[in-house]
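Source file: input20.cif; contents: mmCIF, C-alpha atoms, pLDDT in the B column; chains and numbers go by the auth columns.
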data_start
loop_
_atom_site.group_PDB
_atom_site.id
_atom_site.type_symbol
_atom_site.label_atom_id
_atom_site.label_comp_id
_atom_site.label_asym_id
_atom_site.label_seq_id
_atom_site.Cartn_x
_atom_site.Cartn_y
_atom_site.Cartn_z
_atom_site.B_iso_or_equiv
_atom_site.auth_seq_id
_atom_site.auth_asym_id
ATOM 1 C CA MET A 1 0.000 0.000 0.000 92.00 140 A
ATOM 2 C CA ARG A 2 1.290 3.429 -0.976 96.00 141 A
ATOM 3 C CA LEU A 3 0.028 6.699 0.484 98.00 142 A
ATOM 4 C CA LYS A 4 1.012 10.327 0.090 98.00 143 A
ATOM 5 C CA PHE A 5 1.254 12.308 3.330 98.00 144 A
ATOM 6 C CA ALA A 6 1.536 16.081 3.662 98.00 145 A
ATOM 7 C CA SER A 7 2.006 18.600 6.462 98.00 146 A
ATOM 8 C CA TYR A 8 1.194 22.273 6.023 98.00 147 A
ATOM 9 C CA ASN A 9 1.244 25.222 8.422 98.00 148 A
ATOM 10 C CA ILE A 10 -1.316 27.431 6.678 98.00 149 A
ATOM 11 C CA HIS A 11 -0.721 30.480 8.923 98.00 150 A
ATOM 12 C CA LYS A 12 -4.468 31.030 9.370 97.00 151 A
ATOM 13 C CA ALA A 13 -4.647 31.431 5.550 98.00 152 A
ATOM 14 C CA VAL A 14 -2.740 34.733 5.737 98.00 153 A
ATOM 15 C CA GLY A 15 -0.201 34.871 2.926 98.00 154 A
ATOM 16 C CA THR A 16 3.100 36.627 2.499 97.00 155 A
ATOM 17 C CA ASP A 17 1.159 39.535 1.005 97.00 156 A
ATOM 18 C CA ARG A 18 -0.717 39.788 4.360 97.00 157 A
ATOM 19 C CA ARG A 19 -4.030 38.879 2.729 97.00 158 A
ATOM 20 C CA ARG A 20 -6.237 36.166 4.222 97.00 159 A
ATOM 21 C CA ASP A 21 -7.161 33.973 1.258 98.00 160 A
ATOM 22 C CA PRO A 22 -8.431 30.460 2.108 97.00 161 A
ATOM 23 C CA ASP A 23 -8.950 29.711 -1.590 97.00 162 A
ATOM 24 C CA ARG A 24 -5.182 29.854 -2.110 98.00 163 A
ATOM 25 C CA ILE A 25 -4.705 27.263 0.612 98.00 164 A
ATOM 26 C CA ILE A 26 -7.186 24.930 -1.050 98.00 165 A
ATOM 27 C CA THR A 27 -5.417 25.478 -4.376 98.00 166 A
ATOM 28 C CA VAL A 28 -2.148 24.343 -2.773 98.00 167 A
ATOM 29 C CA LEU A 29 -3.885 21.312 -1.250 98.00 168 A
ATOM 30 C CA ARG A 30 -5.150 20.362 -4.700 98.00 169 A
ATOM 31 C CA GLU A 31 -1.662 20.823 -6.159 98.00 170 A
ATOM 32 C CA MET A 32 -0.211 18.354 -3.658 98.00 171 A
ATOM 33 C CA ASP A 33 -3.100 15.892 -3.976 98.00 172 A
ATOM 34 C CA ALA A 34 -2.034 14.046 -0.818 98.00 173 A
ATOM 35 C CA ASP A 35 -4.073 11.242 0.747 98.00 174 A
ATOM 36 C CA ILE A 36 -3.606 12.410 4.357 98.00 175 A
ATOM 37 C CA ILE A 37 -2.853 16.014 5.322 98.00 176 A
ATOM 38 C CA ALA A 38 -1.940 17.488 8.712 98.00 177 A
ATOM 39 C CA LEU A 39 -2.744 21.205 8.946 98.00 178 A
ATOM 40 C CA GLN A 40 -1.422 23.637 11.537 98.00 179 A
ATOM 41 C CA GLU A 41 -2.906 27.053 12.340 97.00 180 A
ATOM 42 C CA ALA A 42 -6.169 26.043 10.679 98.00 181 A
ATOM 43 C CA ASP A 43 -8.271 27.983 13.227 96.00 182 A
ATOM 44 C CA ARG A 44 -8.206 31.537 14.504 93.00 183 A
ATOM 45 C CA ARG A 45 -6.769 32.002 18.010 82.00 184 A
ATOM 46 C CA VAL A 46 -9.406 34.391 19.348 82.00 185 A
ATOM 47 C CA GLY A 47 -13.152 34.360 19.865 80.00 186 A
ATOM 48 C CA GLU A 48 -14.856 31.145 18.787 88.00 187 A
ATOM 49 C CA ARG A 49 -11.611 29.773 17.292 91.00 188 A
ATOM 50 C CA ALA A 50 -13.416 29.559 13.953 95.00 189 A
ATOM 51 C CA SER A 51 -11.778 27.660 11.123 97.00 190 A
ATOM 52 C CA VAL A 52 -10.192 29.771 8.402 97.00 191 A
ATOM 53 C CA LEU A 53 -11.260 27.107 5.900 96.00 192 A
ATOM 54 C CA GLU A 54 -15.005 27.029 5.437 90.00 193 A
ATOM 55 C CA ARG A 55 -16.460 23.540 5.720 87.00 194 A
ATOM 56 C CA ALA A 56 -18.560 24.250 2.638 88.00 195 A
ATOM 57 C CA ALA A 57 -15.352 24.890 0.700 92.00 196 A
ATOM 58 C CA LEU A 58 -13.891 21.593 1.937 95.00 197 A
ATOM 59 C CA ASP A 59 -17.059 19.837 0.785 94.00 198 A
ATOM 60 C CA ASP A 60 -15.941 20.551 -2.779 94.00 199 A
ATOM 61 C CA THR A 61 -12.567 18.868 -2.229 97.00 200 A
ATOM 62 C CA PRO A 62 -11.504 15.188 -2.149 97.00 201 A
ATOM 63 C CA TRP A 63 -10.970 15.388 1.642 98.00 202 A
ATOM 64 C CA LYS A 64 -12.956 15.250 4.858 98.00 203 A
ATOM 65 C CA ALA A 65 -11.808 16.574 8.217 97.00 204 A
ATOM 66 C CA LEU A 66 -11.408 14.254 11.186 98.00 205 A
ATOM 67 C CA ASP A 67 -13.552 15.064 14.201 97.00 206 A
ATOM 68 C CA VAL A 68 -10.961 16.498 16.593 97.00 207 A
ATOM 69 C CA ALA A 69 -12.428 19.950 17.284 95.00 208 A
ATOM 70 C CA LYS A 70 -13.766 20.871 20.737 91.00 209 A
ATOM 71 C CA ARG A 71 -15.478 24.046 19.518 92.00 210 A
ATOM 72 C CA PRO A 72 -18.394 24.075 17.039 91.00 211 A
ATOM 73 C CA ARG A 73 -16.754 26.406 14.546 94.00 212 A
ATOM 74 C CA SER A 74 -13.234 24.968 14.753 96.00 213 A
ATOM 75 C CA LEU A 75 -11.736 22.559 12.262 96.00 214 A
ATOM 76 C CA GLY A 76 -8.983 21.359 14.589 96.00 215 A
ATOM 77 C CA TRP A 77 -7.632 21.440 18.127 95.00 216 A
ATOM 78 C CA HIS A 78 -5.359 24.403 18.854 94.00 217 A
ATOM 79 C CA GLY A 79 -5.293 24.783 15.070 96.00 218 A
ATOM 80 C CA ASN A 80 -4.268 21.167 14.365 97.00 219 A
ATOM 81 C CA ALA A 81 -6.554 19.522 11.821 98.00 220 A
ATOM 82 C CA ILE A 82 -6.285 16.327 9.787 98.00 221 A
ATOM 83 C CA LEU A 83 -7.788 15.890 6.319 98.00 222 A
ATOM 84 C CA VAL A 84 -8.166 12.452 4.710 98.00 223 A
ATOM 85 C CA ARG A 85 -9.601 11.042 1.500 98.00 224 A
ATOM 86 C CA ARG A 86 -13.354 10.708 1.663 97.00 225 A
ATOM 87 C CA ASN A 87 -13.271 6.968 0.953 97.00 226 A
ATOM 88 C CA PHE A 88 -11.037 6.238 3.966 98.00 227 A
ATOM 89 C CA THR A 89 -12.777 4.719 6.980 98.00 228 A
ATOM 90 C CA VAL A 90 -12.187 6.676 10.183 98.00 229 A
ATOM 91 C CA LEU A 91 -11.907 4.240 13.101 98.00 230 A
ATOM 92 C CA ASP A 92 -11.076 6.760 15.813 98.00 231 A
ATOM 93 C CA SER A 93 -10.062 10.399 16.241 98.00 232 A
ATOM 94 C CA GLU A 94 -9.311 12.627 19.193 97.00 233 A
ATOM 95 C CA PRO A 95 -7.636 15.882 20.242 97.00 234 A
ATOM 96 C CA LEU A 96 -4.532 15.662 22.425 96.00 235 A
ATOM 97 C CA ASP A 97 -3.333 18.118 25.046 92.00 236 A
ATOM 98 C CA LEU A 98 0.397 18.774 25.129 92.00 237 A
ATOM 99 C CA PRO A 99 2.423 19.942 28.167 86.00 238 A
ATOM 100 C CA THR A 100 3.122 23.660 27.787 77.00 239 A
ATOM 101 C CA LEU A 101 2.649 27.115 29.256 67.00 240 A
ATOM 102 C CA GLU A 102 0.865 28.380 26.130 72.00 241 A
ATOM 103 C CA PRO A 103 -1.982 26.712 24.236 73.00 242 A
ATOM 104 C CA ARG A 104 -0.583 23.788 22.236 85.00 243 A
ATOM 105 C CA GLY A 105 -2.173 20.574 21.131 91.00 244 A
ATOM 106 C CA ALA A 106 -2.151 17.717 18.672 97.00 245 A
ATOM 107 C CA ALA A 107 -4.700 15.588 16.829 98.00 246 A
ATOM 108 C CA ARG A 108 -4.761 11.830 16.324 98.00 247 A
ATOM 109 C CA GLY A 109 -6.666 9.738 13.827 98.00 248 A
ATOM 110 C CA ASP A 110 -6.861 5.985 13.214 98.00 249 A
ATOM 111 C CA LEU A 111 -7.871 5.007 9.694 98.00 250 A
ATOM 112 C CA GLU A 112 -8.692 1.806 7.853 98.00 251 A
ATOM 113 C CA ILE A 113 -7.317 1.804 4.314 97.00 252 A
ATOM 114 C CA GLU A 114 -7.370 -1.270 2.089 94.00 253 A
ATOM 115 C CA GLY A 115 -8.111 -3.368 5.151 95.00 254 A
ATOM 116 C CA LEU A 116 -5.154 -2.047 7.143 97.00 255 A
ATOM 117 C CA ARG A 117 -5.211 0.158 10.227 98.00 256 A
ATOM 118 C CA ILE A 118 -2.845 3.132 10.256 98.00 257 A
ATOM 119 C CA ARG A 119 -2.401 5.955 12.756 98.00 258 A
ATOM 120 C CA VAL A 120 -1.553 9.605 12.108 98.00 259 A
ATOM 121 C CA VAL A 121 -0.800 12.422 14.548 98.00 260 A
ATOM 122 C CA GLY A 122 -0.638 16.090 13.558 98.00 261 A
ATOM 123 C CA MET A 123 1.012 18.626 15.883 97.00 262 A
ATOM 124 C CA HIS A 124 2.410 22.123 16.267 96.00 263 A
ATOM 125 C CA LEU A 125 5.205 22.180 18.821 95.00 264 A
ATOM 126 C CA ASP A 126 6.457 24.928 21.097 92.00 265 A
ATOM 127 C CA LEU A 127 9.095 27.560 20.337 86.00 266 A
ATOM 128 C CA SER A 128 10.936 26.485 23.488 81.00 267 A
ATOM 129 C CA GLY A 129 13.316 23.541 23.071 77.00 268 A
ATOM 130 C CA LEU A 130 12.656 22.192 26.566 81.00 269 A
ATOM 131 C CA ARG A 131 8.913 22.229 26.017 89.00 270 A
ATOM 132 C CA ARG A 132 9.304 20.667 22.565 92.00 271 A
ATOM 133 C CA ARG A 133 11.154 17.786 24.199 92.00 272 A
ATOM 134 C CA ASP A 134 8.332 17.264 26.702 93.00 273 A
ATOM 135 C CA GLN A 135 5.747 17.493 23.940 94.00 274 A
ATOM 136 C CA ILE A 136 7.475 14.882 21.783 95.00 275 A
ATOM 137 C CA LYS A 137 7.709 12.602 24.814 94.00 276 A
ATOM 138 C CA ALA A 138 3.982 13.104 25.412 94.00 277 A
ATOM 139 C CA VAL A 139 3.094 12.265 21.801 96.00 278 A
ATOM 140 C CA ILE A 140 5.278 9.143 21.782 96.00 279 A
ATOM 141 C CA GLY A 141 3.812 8.094 25.133 95.00 280 A
ATOM 142 C CA HIS A 142 0.298 8.517 23.783 96.00 281 A
ATOM 143 C CA VAL A 143 1.076 6.488 20.662 97.00 282 A
ATOM 144 C CA ASP A 144 2.707 3.742 22.750 96.00 283 A
ATOM 145 C CA ALA A 145 -0.461 3.521 24.864 96.00 284 A
ATOM 146 C CA CYS A 146 -2.824 3.264 21.892 96.00 285 A
ATOM 147 C CA GLU A 147 -4.227 -0.148 21.119 96.00 286 A
ATOM 148 C CA PRO A 148 -3.906 -1.887 18.809 97.00 287 A
ATOM 149 C CA GLN A 149 -0.401 -0.941 17.726 96.00 288 A
ATOM 150 C CA CYS A 150 -0.207 -0.097 14.025 97.00 289 A
ATOM 151 C CA PRO A 151 1.948 1.755 11.451 98.00 290 A
ATOM 152 C CA THR A 152 2.117 5.415 12.520 98.00 291 A
ATOM 153 C CA VAL A 153 3.069 8.745 10.956 98.00 292 A
ATOM 154 C CA LEU A 154 3.718 11.903 12.992 98.00 293 A
ATOM 155 C CA MET A 155 3.569 15.230 11.136 98.00 294 A
ATOM 156 C CA GLY A 156 3.576 18.925 11.821 98.00 295 A
ATOM 157 C CA ASP A 157 5.440 22.138 12.497 97.00 296 A
ATOM 158 C CA PHE A 158 8.065 20.992 15.006 96.00 297 A
ATOM 159 C CA ASN A 159 9.732 24.424 15.296 94.00 298 A
ATOM 160 C CA GLN A 160 13.047 22.552 15.317 89.00 299 A
ATOM 161 C CA TRP A 161 15.932 23.320 12.973 82.00 300 A
ATOM 162 C CA GLY A 162 18.118 20.193 13.165 77.00 301 A
ATOM 163 C CA ASN A 163 16.999 16.643 12.353 75.00 302 A
ATOM 164 C CA GLN A 164 19.236 14.984 14.946 73.00 303 A
ATOM 165 C CA THR A 165 19.575 17.747 17.535 75.00 304 A
ATOM 166 C CA GLY A 166 17.602 19.093 20.481 78.00 305 A
ATOM 167 C CA ALA A 167 14.158 17.621 20.998 85.00 306 A
ATOM 168 C CA MET A 168 14.504 15.377 17.930 90.00 307 A
ATOM 169 C CA ARG A 169 16.806 13.159 19.996 89.00 308 A
ATOM 170 C CA GLU A 170 13.699 11.894 21.780 92.00 309 A
ATOM 171 C CA PHE A 171 12.847 9.741 18.769 92.00 310 A
ATOM 172 C CA ARG A 172 14.092 6.199 19.320 82.00 311 A
ATOM 173 C CA ARG A 173 15.649 3.959 16.706 83.00 312 A
ATOM 174 C CA ASP A 174 12.229 2.627 15.679 90.00 313 A
ATOM 175 C CA TRP A 175 11.233 6.139 14.503 96.00 314 A
ATOM 176 C CA HIS A 176 12.554 7.652 11.284 95.00 315 A
ATOM 177 C CA VAL A 177 12.790 11.430 10.836 95.00 316 A
ATOM 178 C CA LEU A 178 12.510 12.169 7.119 96.00 317 A
ATOM 179 C CA ASP A 179 14.603 14.926 5.594 93.00 318 A
ATOM 180 C CA THR A 180 11.915 16.595 3.520 95.00 319 A
ATOM 181 C CA GLY A 181 13.867 19.849 3.099 95.00 320 A
ATOM 182 C CA ARG A 182 13.678 23.524 3.973 96.00 321 A
ATOM 183 C CA SER A 183 10.143 24.870 4.294 97.00 322 A
ATOM 184 C CA PHE A 184 10.384 28.219 6.146 97.00 323 A
ATOM 185 C CA PRO A 185 10.050 31.034 5.267 97.00 324 A
ATOM 186 C CA SER A 186 8.122 30.221 2.123 97.00 325 A
ATOM 187 C CA ARG A 187 9.711 32.792 -0.196 95.00 326 A
ATOM 188 C CA GLN A 188 13.314 31.883 0.602 96.00 327 A
ATOM 189 C CA PRO A 189 13.255 28.819 2.853 97.00 328 A
ATOM 190 C CA ILE A 190 16.252 28.297 5.124 96.00 329 A
ATOM 191 C CA ALA A 191 14.807 26.232 8.005 96.00 330 A
ATOM 192 C CA ARG A 192 13.510 22.665 8.259 95.00 331 A
ATOM 193 C CA LEU A 193 10.761 23.461 10.771 96.00 332 A
ATOM 194 C CA ASP A 194 8.158 21.109 9.282 97.00 333 A
ATOM 195 C CA ARG A 195 8.590 17.373 9.758 97.00 334 A
ATOM 196 C CA ILE A 196 7.305 13.951 8.881 98.00 335 A
ATOM 197 C CA VAL A 197 8.351 11.119 11.228 97.00 336 A
ATOM 198 C CA THR A 198 7.445 7.484 10.561 98.00 337 A
ATOM 199 C CA SER A 199 7.334 4.295 12.592 97.00 338 A
ATOM 200 C CA ASP A 200 9.553 1.412 11.545 95.00 339 A
ATOM 201 C CA GLU A 201 6.989 -0.317 9.314 96.00 340 A
ATOM 202 C CA TRP A 202 7.014 2.407 6.657 97.00 341 A
ATOM 203 C CA GLY A 203 9.304 2.705 3.685 97.00 342 A
ATOM 204 C CA CYS A 204 9.817 6.108 2.087 97.00 343 A
ATOM 205 C CA LEU A 205 9.649 6.334 -1.700 97.00 344 A
ATOM 206 C CA GLU A 206 9.813 10.112 -2.048 97.00 345 A
ATOM 207 C CA GLN A 207 10.086 13.151 0.222 98.00 346 A
ATOM 208 C CA HIS A 208 10.254 16.828 -0.607 97.00 347 A
ATOM 209 C CA VAL A 209 9.042 20.372 -0.049 98.00 348 A
ATOM 210 C CA HIS A 210 6.148 21.371 -2.290 98.00 349 A
ATOM 211 C CA HIS A 211 7.195 24.443 -4.288 96.00 350 A
ATOM 212 C CA SER A 212 4.791 26.400 -6.473 98.00 351 A
ATOM 213 C CA ALA A 213 3.997 30.035 -7.190 97.00 352 A
ATOM 214 C CA THR A 214 0.805 29.783 -5.159 98.00 353 A
ATOM 215 C CA ALA A 215 2.471 27.979 -2.247 98.00 354 A
ATOM 216 C CA SER A 216 5.138 30.666 -1.996 98.00 355 A
ATOM 217 C CA GLN A 217 2.398 33.268 -1.361 98.00 356 A
ATOM 218 C CA ALA A 218 -0.363 31.351 0.420 98.00 357 A
ATOM 219 C CA SER A 219 1.425 30.978 3.803 98.00 358 A
ATOM 220 C CA ASP A 220 4.743 31.756 5.461 98.00 359 A
ATOM 221 C CA HIS A 221 5.480 27.998 5.377 98.00 360 A
ATOM 222 C CA LEU A 222 5.785 25.723 2.373 98.00 361 A
ATOM 223 C CA PRO A 223 4.072 22.346 2.719 98.00 362 A
ATOM 224 C CA ILE A 224 6.086 19.135 2.881 98.00 363 A
ATOM 225 C CA THR A 225 5.114 15.765 1.418 98.00 364 A
ATOM 226 C CA ALA A 226 6.242 12.147 1.559 98.00 365 A
ATOM 227 C CA GLU A 227 5.095 9.119 -0.401 98.00 366 A
ATOM 228 C CA LEU A 228 5.234 6.123 1.933 98.00 367 A
ATOM 229 C CA GLU A 229 4.615 2.420 1.513 97.00 368 A
ATOM 230 C CA LEU A 230 4.056 -0.594 3.726 95.00 369 A
ATOM 231 C CA PRO A 231 6.170 -3.187 1.931 86.00 370 A
ATOM 232 C CA ASN A 232 6.023 -5.972 4.528 71.00 371 A
ATOM 233 C CA ILE A 233 2.371 -5.853 5.583 66.00 372 A
#

Here is a file; write its structure as structure tokens.
Amino acid sequence: MRLKFASYNIHKAVGTDRRRDPDRIITVLREMDADIIALQEADRRVGERASVLERAALDDTPWKALDVAKRPRSLGWHGNAILVRRNFTVLDSEPLDLPTLEPRGAARGDLEIEGLRIRVVGMHLDLSGLRRRDQIKAVIGHVDACEPQCPTVLMGDFNQWGNQTGAMREFRRDWHVLDTGRSFPSRQPIARLDRIVTSDEWGCLEQHVHHSATASQASDHLPITAELELPNI
């Protein structure tokens, strides 16, 4: 089984031109055409935490949003949303609280695809390295406690520059941190803030940053993608 995963910090749909344009975000999502997408900053941070992507607009796309929101007008939890192909069966989904002094969270979904169960977690980690370390520990602890165990992909804006430094050292040998490339800032990316991390079952066929004229304007981050396969299952 082969699946395309993507992670995208959409910056509340505010582009590098300082205009809020959700249609540009959806255009970028269509360009990538991923099967499973983790979004960060999908909701506003004030008031009702309303989604910046209208659900009616998503209805015209190939994806549905997992039910991880705690507020009626939100798409995600602390801005973390997960979109999946409409034909995928959602077995379970939930918002996760992360240890921090400021509002941070994650979202988990278990899916059945071609008869196989897979797990995905989307997250947006803290600016503080110490808190990032605690948050990664919390996510790994949550995944370890989930039953049944299954192939897992962790995605999001990790706010971490190095692949093997700082909080990234919390990933054990049975986790693989992909080197998808530089994604921030979108116009002239110099930092690898956005990550895709896989459990041992996955093989990686392709990994890269998604570059396009629209993506360079739609958000201050470029999205990252990885095509993964389960060769031994």

Exercise. Starting from the displayed file, determine the output of the PyMOL selection byres ((chain A and resi 176) around 6) and express the residue list as a list in words.
Key: Phe144, Ala145, Ser146, Ile175, Ala177, Ile221 and Leu222 of chain A

Would you put the residues from that selection into a file with C-alpha atoms, as an mmCIF file, in the frame of the given file?
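Saved the output as again_0.cif:
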data_model
loop_
_atom_site.group_PDB
_atom_site.id
_atom_site.type_symbol
_atom_site.label_atom_id
_atom_site.label_comp_id
_atom_site.auth_asym_id
_atom_site.auth_seq_id
_atom_site.Cartn_x
_atom_site.Cartn_y
_atom_site.Cartn_z
ATOM 1 C CA PHE A 144 1.254 12.308 3.330
ATOM 2 C CA ALA A 145 1.536 16.081 3.662
ATOM 3 C CA SER A 146 2.006 18.600 6.462
ATOM 4 C CA ILE A 175 -3.606 12.410 4.357
ATOM 5 C CA ALA A 177 -1.940 17.488 8.712
ATOM 6 C CA ILE A 221 -6.285 16.327 9.787
ATOM 7 C CA LEU A 222 -7.788 15.890 6.319
#

If you take all atoms listed in the file and a cut-off of 10 Å, which residues of region 201-263 of chain A touch region 318-336 of chain A, and what are their nearest atom pairs and distances in Å to one decimal, in chain and number order, as a tab-separated table?
residue	atom	partner	partner_atom	distance
A:Val260	CA	A:Val336	CA	9.8
A:Gly261	CA	A:Ile335	CA	9.5
A:Met262	CA	A:Arg334	CA	9.8
A:His263	CA	A:Asp333	CA	9.1

Practice problem: Take CA of Asp313 (chain A) and CA of Asp339 (chain A) and report the distance between them in Å, one decimal. | Solution: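 Distance reported for this atom pair: 5.1 Å.
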
Quiz prompt | CA of Pro287 (chain A) to CA of Pro234 (chain A), distance in Å rounded to a single decimal | solution = 18.2 Å

Exercise. With the file shown as input, list the residues that the PyMOL selection byres ((chain A and resi 208-212) around 7) selects, as a list in words.
Key: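 Applied to this file, the PyMOL selection byres ((chain A and resi 208-212) around 7) selects Glu187, Arg188, Ala189, Ser190, Asp206, Val207, Ser213, Leu214, Gly215, Trp216 and Pro234 of chain A.
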
Export of prior selection with C-alpha atoms as a compact mmCIF listing (two decimals), in the coordinates of the input:
# COMPACT_ATOMS: atom_id res chain seq x y z
CA GLU A 187 -14.86 31.14 18.79
CA ARG A 188 -11.61 29.77 17.29
CA ALA A 189 -13.42 29.56 13.95
CA SER A 190 -11.78 27.66 11.12
CA ASP A 206 -13.55 15.06 14.20
CA VAL A 207 -10.96 16.50 16.59
CA SER A 213 -13.23 24.97 14.75
CA LEU A 214 -11.74 22.56 12.26
CA GLY A 215 -8.98 21.36 14.59
CA TRP A 216 -7.63 21.44 18.13
CA PRO A 234 -7.64 15.88 20.24

Exercise. Specify as a count of residues only each residue included when the PyMOL selection byres ((chain A and resi 173) around 9) is applied to this file.
Key: 17

Self-check item: Among the residues A:Gln346, A:Asn148, A:Arg271, A:Ile257, the one that comes closest to Val316 (chain A) [using only C-alpha atoms]
Solution: A:Gln346

Self-check item: Cut-off 7 Å around (8.2, 2.1, 0.9) with all atoms listed in the file: residues as a ChimeraX atom specification
Solution: /A:341-344,367-370

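If you look at CA of Met140 (chain A) and CA of Glu253 (chain A), they are 7.8 Å away from each other.
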
Quiz item: Skipping near chain neighbours, those fewer than 3 positions away, what residues fall within 12 Å of Asp199 (chain A) using only C-alpha atoms, listed as JSON, numbers by chain?
Solution: {"A": [162, 165, 166, 169, 192, 193, 194, 195, 196, 202, 203, 225]}
